[in-house]
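Participant: My file is target-v1.cif. It has mmCIF, C-alpha atoms and all ligand atoms:
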```cif
data_my_file
loop_
_atom_site.label_atom_id
_atom_site.label_comp_id
_atom_site.auth_asym_id
_atom_site.auth_seq_id
_atom_site.Cartn_x
_atom_site.Cartn_y
_atom_site.Cartn_z
CA MET A 691 53.99 8.94 16.09
CA LYS A 692 53.35 12.10 14.06
CA VAL A 693 53.60 10.12 10.82
CA GLN A 694 51.22 7.56 12.26
CA TYR A 695 48.69 10.32 12.83
CA GLN A 696 49.17 11.58 9.30
CA ILE A 697 48.43 8.11 7.96
CA LEU A 698 45.41 7.80 10.25
CA ALA A 699 44.12 11.14 8.96
CA GLN A 700 44.46 9.81 5.43
CA LEU A 701 42.73 6.58 6.45
CA LYS A 702 39.93 8.60 7.99
CA ARG A 703 39.25 10.32 4.66
CA ILE A 704 39.35 6.98 2.83
CA ASP A 705 37.08 5.42 5.43
CA GLU A 706 34.54 8.19 4.98
CA LYS A 707 34.53 7.56 1.25
CA VAL A 708 34.22 3.82 1.82
CA ALA A 709 31.25 4.33 4.15
CA ARG A 710 29.58 6.65 1.64
CA LEU A 711 30.15 4.25 -1.24
CA ARG A 712 28.87 1.29 0.81
CA ALA A 713 25.73 3.21 1.68
CA ASP A 714 25.24 4.02 -2.02
CA ALA A 715 25.82 0.41 -3.01
CA ASP A 716 23.17 -0.69 -0.50
CA ARG A 717 20.72 2.03 -1.44
CA ILE A 718 20.63 1.17 -5.17
CA PRO A 719 19.13 -2.35 -4.83
CA GLU A 720 16.57 -0.86 -2.42
CA GLU A 721 15.60 1.68 -5.06
CA ILE A 722 15.34 -1.04 -7.70
CA GLY A 723 13.17 -3.04 -5.29
CA LYS A 724 10.80 -0.10 -4.88
CA LEU A 725 10.53 0.32 -8.65
CA GLU A 726 9.89 -3.40 -9.08
CA LYS A 727 7.13 -3.26 -6.50
CA ALA A 728 5.46 -0.36 -8.30
CA LEU A 729 5.79 -2.25 -11.59
CA SER A 730 4.12 -5.34 -10.19
CA THR A 731 1.25 -3.16 -8.93
CA ARG A 732 0.76 -1.83 -12.49
CA LYS A 733 0.89 -5.42 -13.76
CA ALA A 734 -1.76 -6.53 -11.29
CA GLU A 735 -3.98 -3.60 -12.30
CA PHE A 736 -3.60 -4.54 -15.94
CA LEU A 737 -4.34 -8.23 -15.31
CA GLY A 738 -7.40 -7.31 -13.24
CA ALA A 739 -8.72 -5.09 -16.04
CA LYS A 740 -8.01 -7.79 -18.62
CA ASP A 741 -9.76 -10.37 -16.49
CA SER A 742 -12.96 -8.36 -16.19
CA PHE A 743 -12.83 -7.60 -19.91
CA ASP A 744 -12.54 -11.35 -20.67
CA THR A 745 -15.44 -12.11 -18.32
CA GLN A 746 -17.54 -9.44 -19.97
CA GLU A 747 -16.70 -10.76 -23.40
CA LYS A 748 -17.79 -14.26 -22.37
CA SER A 749 -21.04 -12.86 -21.03
CA LEU A 750 -21.68 -11.09 -24.34
CA ARG A 751 -21.00 -14.27 -26.35
CA LYS A 752 -23.43 -16.16 -24.12
CA SER A 753 -26.12 -13.49 -24.54
CA GLU A 754 -25.62 -13.55 -28.32
CA LEU A 755 -25.94 -17.33 -28.34
CA ASP A 756 -29.12 -17.20 -26.24
CA LEU A 757 -30.56 -14.63 -28.63
CA LYS A 758 -29.74 -16.76 -31.63
CA GLU A 759 -31.43 -19.76 -30.05
CA LYS A 760 -34.46 -17.65 -29.29
CA GLU A 761 -34.61 -16.45 -32.89
CA ASP A 762 -34.46 -20.05 -34.12
CA GLY A 763 -37.25 -20.98 -31.71
CA LEU A 764 -39.35 -18.09 -32.91
CA ARG A 765 -38.92 -19.08 -36.53
CA LYS A 766 -40.15 -22.57 -35.66
CA ALA A 767 -43.11 -21.16 -33.77
CA GLU A 768 -44.02 -19.03 -36.80
CA GLY A 769 -43.83 -22.15 -38.97
CA LYS A 770 -46.21 -23.87 -36.58
CA MET A 771 -48.72 -21.06 -36.96
CA MET A 772 -48.94 -21.83 -40.65
CA GLU A 773 -49.81 -25.42 -39.95
CA VAL A 774 -52.64 -24.92 -37.46
CA LYS A 775 -56.04 -26.18 -38.46
CA THR A 776 -58.46 -24.96 -35.81
CA ASN A 777 -59.02 -21.53 -34.36
CA GLN A 778 -58.18 -22.90 -30.93
CA GLU A 779 -54.84 -24.17 -32.14
CA TYR A 780 -54.21 -20.83 -33.83
CA GLN A 781 -54.91 -18.91 -30.63
CA ALA A 782 -52.50 -21.14 -28.70
CA ALA A 783 -49.78 -20.77 -31.31
CA LEU A 784 -50.27 -16.99 -31.41
CA LYS A 785 -49.97 -16.78 -27.65
CA GLU A 786 -46.77 -18.79 -27.65
CA ASN A 787 -45.42 -16.70 -30.48
CA GLN A 788 -46.03 -13.47 -28.59
CA ALA A 789 -44.46 -14.82 -25.46
CA GLN A 790 -41.37 -15.81 -27.44
CA LYS A 791 -41.21 -12.36 -29.01
CA GLY A 792 -41.25 -10.79 -25.59
CA GLU A 793 -38.38 -12.98 -24.46
CA LYS A 794 -36.49 -12.17 -27.63
CA GLY A 795 -36.85 -8.46 -26.90
CA LYS A 796 -35.39 -8.96 -23.44
CA LEU A 797 -32.44 -10.89 -24.87
CA GLU A 798 -31.80 -8.14 -27.39
CA GLU A 799 -31.66 -5.66 -24.54
CA ARG A 800 -29.28 -7.92 -22.67
CA VAL A 801 -26.97 -8.11 -25.70
CA LEU A 802 -26.97 -4.32 -26.06
CA GLY A 803 -26.32 -3.89 -22.35
CA ASP A 804 -23.43 -6.36 -22.48
CA MET A 805 -22.02 -4.60 -25.51
CA SER A 806 -21.96 -1.18 -23.93
CA GLN A 807 -20.45 -2.62 -20.74
CA MET A 808 -17.85 -4.37 -22.79
CA ASP A 809 -16.85 -1.08 -24.40
CA GLU A 810 -16.24 0.31 -20.95
CA HIS A 811 -14.24 -2.72 -19.86
CA LYS A 812 -12.27 -2.64 -23.06
CA LYS A 813 -11.36 1.01 -22.52
CA ARG A 814 -10.27 0.31 -18.95
CA PHE A 815 -8.23 -2.67 -20.07
CA LYS A 816 -6.58 -0.75 -22.93
CA ASP A 817 -5.78 2.17 -20.60
CA ALA A 818 -4.21 -0.16 -18.05
CA GLU A 819 -2.21 -1.81 -20.82
CA LYS A 820 -0.91 1.54 -22.04
CA ILE A 821 0.06 2.64 -18.52
CA LEU A 822 1.81 -0.69 -17.93
CA LYS A 823 3.78 -0.43 -21.17
CA GLU A 824 4.87 3.13 -20.42
CA TYR A 825 5.82 2.12 -16.91
CA GLU A 826 7.77 -0.87 -18.16
CA THR A 827 9.76 1.29 -20.56
CA ALA A 828 10.58 3.81 -17.83
CA PHE A 829 11.40 1.00 -15.40
CA ASN A 830 13.82 -0.65 -17.82
CA GLN A 831 15.61 2.63 -18.40
CA ASP A 832 15.81 3.44 -14.69
CA LYS A 833 16.98 -0.03 -13.83
CA LYS A 834 19.67 0.05 -16.48
CA GLN A 835 20.92 3.37 -15.12
CA LEU A 836 20.84 2.15 -11.52
CA ASP A 837 22.69 -1.04 -12.45
CA GLU A 838 25.36 1.04 -14.16
CA ASP A 839 25.55 3.38 -11.17
CA ARG A 840 25.99 0.45 -8.84
CA LYS A 841 28.72 -1.03 -10.97
CA LYS A 842 30.57 2.31 -10.84
CA VAL A 843 30.06 2.59 -7.09
CA LEU A 844 31.37 -0.93 -6.53
CA GLN A 845 34.38 -0.19 -8.68
CA GLN A 846 35.12 3.00 -6.74
CA LEU A 847 34.63 1.09 -3.52
CA GLU A 848 37.11 -1.52 -4.67
CA GLU A 849 39.62 1.25 -5.47
CA GLN A 850 39.17 2.89 -2.09
CA LEU A 851 39.54 -0.44 -0.27
CA GLN A 852 42.75 -1.07 -2.12
CA LEU A 853 43.96 2.41 -1.25
CA ARG A 854 43.00 1.79 2.36
CA ASN A 855 44.99 -1.44 2.42
CA GLU A 856 48.05 0.30 1.04
CA SER A 857 47.79 3.14 3.55
CA ALA A 858 47.17 0.76 6.43
CA LYS A 859 50.32 -1.13 5.54
CA ARG A 860 52.29 2.02 6.30
CA LEU A 861 51.08 2.01 9.90
CA ASP A 862 53.34 0.70 12.67
CA LYS A 863 52.58 -2.85 13.70
CA HIS A 864 50.89 -1.75 16.92
CA VAL A 865 48.75 1.02 15.40
CA GLY A 866 48.06 -1.17 12.38
CA SER A 867 46.63 -3.93 14.53
CA ILE A 868 44.41 -1.43 16.39
CA TYR A 869 43.15 -0.15 13.04
CA GLU A 870 42.53 -3.66 11.65
CA ARG A 871 40.52 -4.57 14.72
CA VAL A 872 38.47 -1.38 14.55
CA ILE A 873 37.54 -1.71 10.87
CA THR A 874 36.30 -5.26 11.38
CA ARG A 875 34.27 -4.36 14.48
CA VAL A 876 32.66 -0.98 13.89
CA LYS A 877 30.09 -0.03 11.33
CA GLY A 878 30.68 2.97 9.07
CA VAL A 879 33.76 5.12 9.53
CA SER A 880 36.40 3.75 11.88
CA ILE A 881 38.22 6.99 12.71
CA VAL A 882 36.43 10.01 14.19
CA LEU A 883 37.35 13.40 15.56
CA ALA A 884 37.51 14.34 19.22
CA GLU A 885 37.03 17.87 20.41
CA ASN A 886 37.12 19.40 23.91
CA GLU A 887 37.52 15.96 25.46
CA MET A 888 34.50 14.68 23.59
CA CYS A 889 34.24 11.97 20.92
CA LEU A 890 32.36 13.45 17.98
CA GLY A 891 31.46 9.95 16.79
CA CYS A 892 29.22 9.18 19.75
CA ASN A 893 29.23 12.47 21.73
CA ARG A 894 30.63 10.87 24.86
CA THR A 895 33.42 12.22 27.04
CA VAL A 896 37.01 11.17 26.41
CA GLN A 897 39.22 10.79 29.50
CA PRO A 898 41.33 13.97 29.88
CA GLN A 899 44.60 12.04 30.02
CA MET A 900 43.71 10.10 26.92
CA PHE A 901 42.64 13.26 25.15
CA ASN A 902 45.95 14.93 26.00
CA GLU A 903 47.89 11.98 24.65
CA ILE A 904 45.99 12.22 21.41
CA LEU A 905 46.48 15.97 21.30
CA GLY A 906 50.21 15.58 21.89
CA GLN A 907 50.35 12.67 19.45
CA LYS A 908 51.90 10.51 22.15
CA ALA A 909 49.69 7.48 21.60
CA VAL A 910 46.81 6.28 19.46
CA HIS A 911 43.56 5.72 21.35
CA LYS A 912 40.10 4.38 20.68
CA CYS A 913 36.96 5.91 22.10
CA GLN A 914 36.03 3.83 25.14
CA ASN A 915 32.39 4.06 24.23
CA CYS A 916 32.09 3.59 20.43
CA GLY A 917 35.45 1.91 19.87
CA LYS A 918 36.53 4.20 17.04
CA ILE A 919 40.03 5.63 16.71
CA LEU A 920 40.21 9.26 17.78
CA LEU A 921 41.92 12.16 16.05
CA VAL A 922 41.86 15.84 16.92
CA GLY A 923 40.92 18.50 14.37
CA THR A 924 44.43 19.72 13.60
CA GLN A 925 45.46 16.18 12.72
CA ASP A 926 42.65 15.80 10.25
CA LEU A 927 44.41 17.65 7.46
CA PRO A 928 45.95 16.38 4.25
CA GLU A 929 49.57 15.31 4.72
CA ASN A 930 51.08 18.29 2.92
CA GLU A 931 49.06 20.78 5.01
CA ALA A 932 49.65 19.16 8.38
ZN ZN A 1001 33.00 7.53 20.55
#
```
Please rewrite the model in this file as structure tokens.
Facilitator:
Amino acid sequence: MKVQYQILAQLKRIDEKVARLRADADRIPEEIGKLEKALSTRKAEFLGAKDSFDTQEKSLRKSELDLKEKEDGLRKAEGKMMEVKTNQEYQAALKENQAQKGEKGKLEERVLGDMSQMDEHKKRFKDAEKILKEYETAFNQDKKQLDEDRKKVLQQLEEQLQLRNESAKRLDKHVGSIYERVITRVKGVSIVLAENEMCLGCNRTVQPQMFNEILGQKAVHKCQNCGKILLVGTQDLPENEA
């Protein structure tokens, strides 16, 4: 039974590594997800800025077109003034001409207003574009690193699982079947320490008789509460130190 405990102690250390590596392997995609979310926020900001810039540009083109039409109209009105024959006709043409000039002035103001607004929108859009590009570059680098990290973690995990299999094979049939059942049922590490008749995995009491059997290495027991295999501190040492 002493050898069994030595193997279990070894399995405990492997299990701890496995649990750590699994947690790392799960954490990495979560981190990538967070980065992707932040990237899509930057993208949305950029698209929003681009959209208002496009709208503003359209508004400017429309104002410019309106102004051009007004200028054409004014030219025609001036032509008409040349053709008038009576004073009455002249007065009417003059009045129309002045009204058109007033409207033209307003359109010119509108064009200038649109232009200065467009400058602002353009700046906002260019800034958002720059931020997005920088973010994309950083994101691609981070993602590449995280993908590499994950690959390494999965490889280490694979190695540890293989090691665990080999160690588990050295267990007696009875202890081996207990261990197999535990690793398929519990989450995280499957072997924990017990101290002063207490399971350190779940902090519940271990029956005194059971605890003594573990202490004396008479039998292998699971915690009745969390279902993990129990070891005592002195057993949790590398094989050559035990
Ligand atoms: Zn427990």
Participant: Let me see if you get this right: every residue at most 10 Å from ligand ZN 1001 (chain A), counting only C-alpha atoms and all ligand atoms, written as a ChimeraX atom specification.
Facilitator: /A:881-884,888-896,912-920
Participant: Figure out the distance between CA of Asp804 in chain A and CA of Glu759 in chain A, please, to one decimal in Å.
Facilitator: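 Atom-to-atom, CA of Glu759 in chain A and CA of Asp804 in chain A are spaced 17.3 Å apart.
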Participant: List the spatial neighbours of Ala739 in chain A as a list of chain:residue names - criterion: any atom at most 12 Å away, only C-alpha atoms, same-chain residues fewer than 3 positions off excluded.
Facilitator: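 The filter keeps A:Arg732, A:Lys733, A:Ala734, A:Glu735, A:Phe736, A:Ser742, A:Phe743, A:Asp744, A:Thr745, A:Gln746, A:Met808, A:Glu810, A:His811, A:Lys812, A:Lys813, A:Arg814, A:Phe815, A:Lys816, A:Asp817, A:Ala818, A:Glu819, A:Lys820, A:Ile821, A:Leu822.
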Participant: Check the smallest atom-to-atom distance from each of A:Ile904, A:Ile704, A:Met805, A:Ala709 to Ser749 in chain A using only C-alpha atoms, then report the winner.
Facilitator: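 Under the stated criterion, the closest residue is A:Met805.
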Participant: Using Å and a single decimal, report how far CA of Thr731 in chain A sits from CA of Asp714 in chain A.
Facilitator: 26.0 Å
Participant: With the cut-off set at 10 Å and counting all atoms listed in the file, tabulate each residue of range 691-778 of chain A with an atom at most that distance from an atom of range 842-856 of chain A, showing the nearest atom pair and its distance in Å to one decimal, ordered by chain and increasing number, as JSON lines.
Facilitator:
```
{"residue": "A:Gln700", "atom": "CA", "partner": "A:Arg854", "partner_atom": "CA", "distance": 8.7}
{"residue": "A:Leu701", "atom": "CA", "partner": "A:Arg854", "partner_atom": "CA", "distance": 6.3}
{"residue": "A:Lys702", "atom": "CA", "partner": "A:Arg854", "partner_atom": "CA", "distance": 9.4}
{"residue": "A:Arg703", "atom": "CA", "partner": "A:Arg854", "partner_atom": "CA", "distance": 9.6}
{"residue": "A:Ile704", "atom": "CA", "partner": "A:Arg854", "partner_atom": "CA", "distance": 6.4}
{"residue": "A:Asp705", "atom": "CA", "partner": "A:Arg854", "partner_atom": "CA", "distance": 7.6}
{"residue": "A:Glu706", "atom": "CA", "partner": "A:Gln850", "partner_atom": "CA", "distance": 10.0}
{"residue": "A:Lys707", "atom": "CA", "partner": "A:Gln850", "partner_atom": "CA", "distance": 7.4}
{"residue": "A:Val708", "atom": "CA", "partner": "A:Leu847", "partner_atom": "CA", "distance": 6.0}
{"residue": "A:Ala709", "atom": "CA", "partner": "A:Leu847", "partner_atom": "CA", "distance": 9.0}
{"residue": "A:Arg710", "atom": "CA", "partner": "A:Leu847", "partner_atom": "CA", "distance": 9.1}
{"residue": "A:Leu711", "atom": "CA", "partner": "A:Leu847", "partner_atom": "CA", "distance": 5.9}
{"residue": "A:Arg712", "atom": "CA", "partner": "A:Leu847", "partner_atom": "CA", "distance": 7.2}
{"residue": "A:Ala713", "atom": "CA", "partner": "A:Val843", "partner_atom": "CA", "distance": 9.8}
{"residue": "A:Asp714", "atom": "CA", "partner": "A:Val843", "partner_atom": "CA", "distance": 7.1}
{"residue": "A:Ala715", "atom": "CA", "partner": "A:Val843", "partner_atom": "CA", "distance": 6.3}
{"residue": "A:Ile718", "atom": "CA", "partner": "A:Val843", "partner_atom": "CA", "distance": 9.7}
```
Participant: Since we have the selection now, will you write its residues out, keeping C-alpha atoms, as a compact mmCIF listing (two decimals), keeping the file's coordinate frame?
Facilitator:
```
# COMPACT_ATOMS: atom_id res chain seq x y z
CA GLN A 700 44.46 9.81 5.43
CA LEU A 701 42.73 6.58 6.45
CA LYS A 702 39.93 8.60 7.99
CA ARG A 703 39.25 10.32 4.66
CA ILE A 704 39.35 6.98 2.83
CA ASP A 705 37.08 5.42 5.43
CA GLU A 706 34.54 8.19 4.98
CA LYS A 707 34.53 7.56 1.25
CA VAL A 708 34.22 3.82 1.82
CA ALA A 709 31.25 4.33 4.15
CA ARG A 710 29.58 6.65 1.64
CA LEU A 711 30.15 4.25 -1.24
CA ARG A 712 28.87 1.29 0.81
CA ALA A 713 25.73 3.21 1.68
CA ASP A 714 25.24 4.02 -2.02
CA ALA A 715 25.82 0.41 -3.01
CA ILE A 718 20.63 1.17 -5.17
```
Participant: Let me make sure I understand: among A:Lys740, A:Arg800, A:Lys748, A:Lys794, which one has the smallest atom-to-atom distance to Gly763 in chain A if we use all atoms listed in the file?
Facilitator: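 That would be A:Lys794, the residue with the smallest distance to Gly763 in chain A.
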Participant: Do a neighbour search on Lys833 in chain A at 12 Å with only C-alpha atoms, toss out local chain neighbours closer than 3 positions, and write the hits as a PyMOL selection string.
Facilitator: chain A and resi 718-726+729+825-830+836-840
Participant: Between CA of Glu885 in chain A and CA of Leu698 in chain A, what is the spacing in Å?
Facilitator: 16.6 Å
Participant: So that I can see what lies close to Lys770 in chain A, please list as a list in words the residues with an atom at most 10 Å from it, counting all atoms listed in the file and leaving out residues fewer than 2 positions away in the same chain.
Facilitator: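 Listed by chain and then number, they are Leu764, Arg765, Lys766, Ala767, Glu768, Met772, Glu773, Val774, Glu779, Tyr780, Ala783, Leu784 and Asn787 of chain A.
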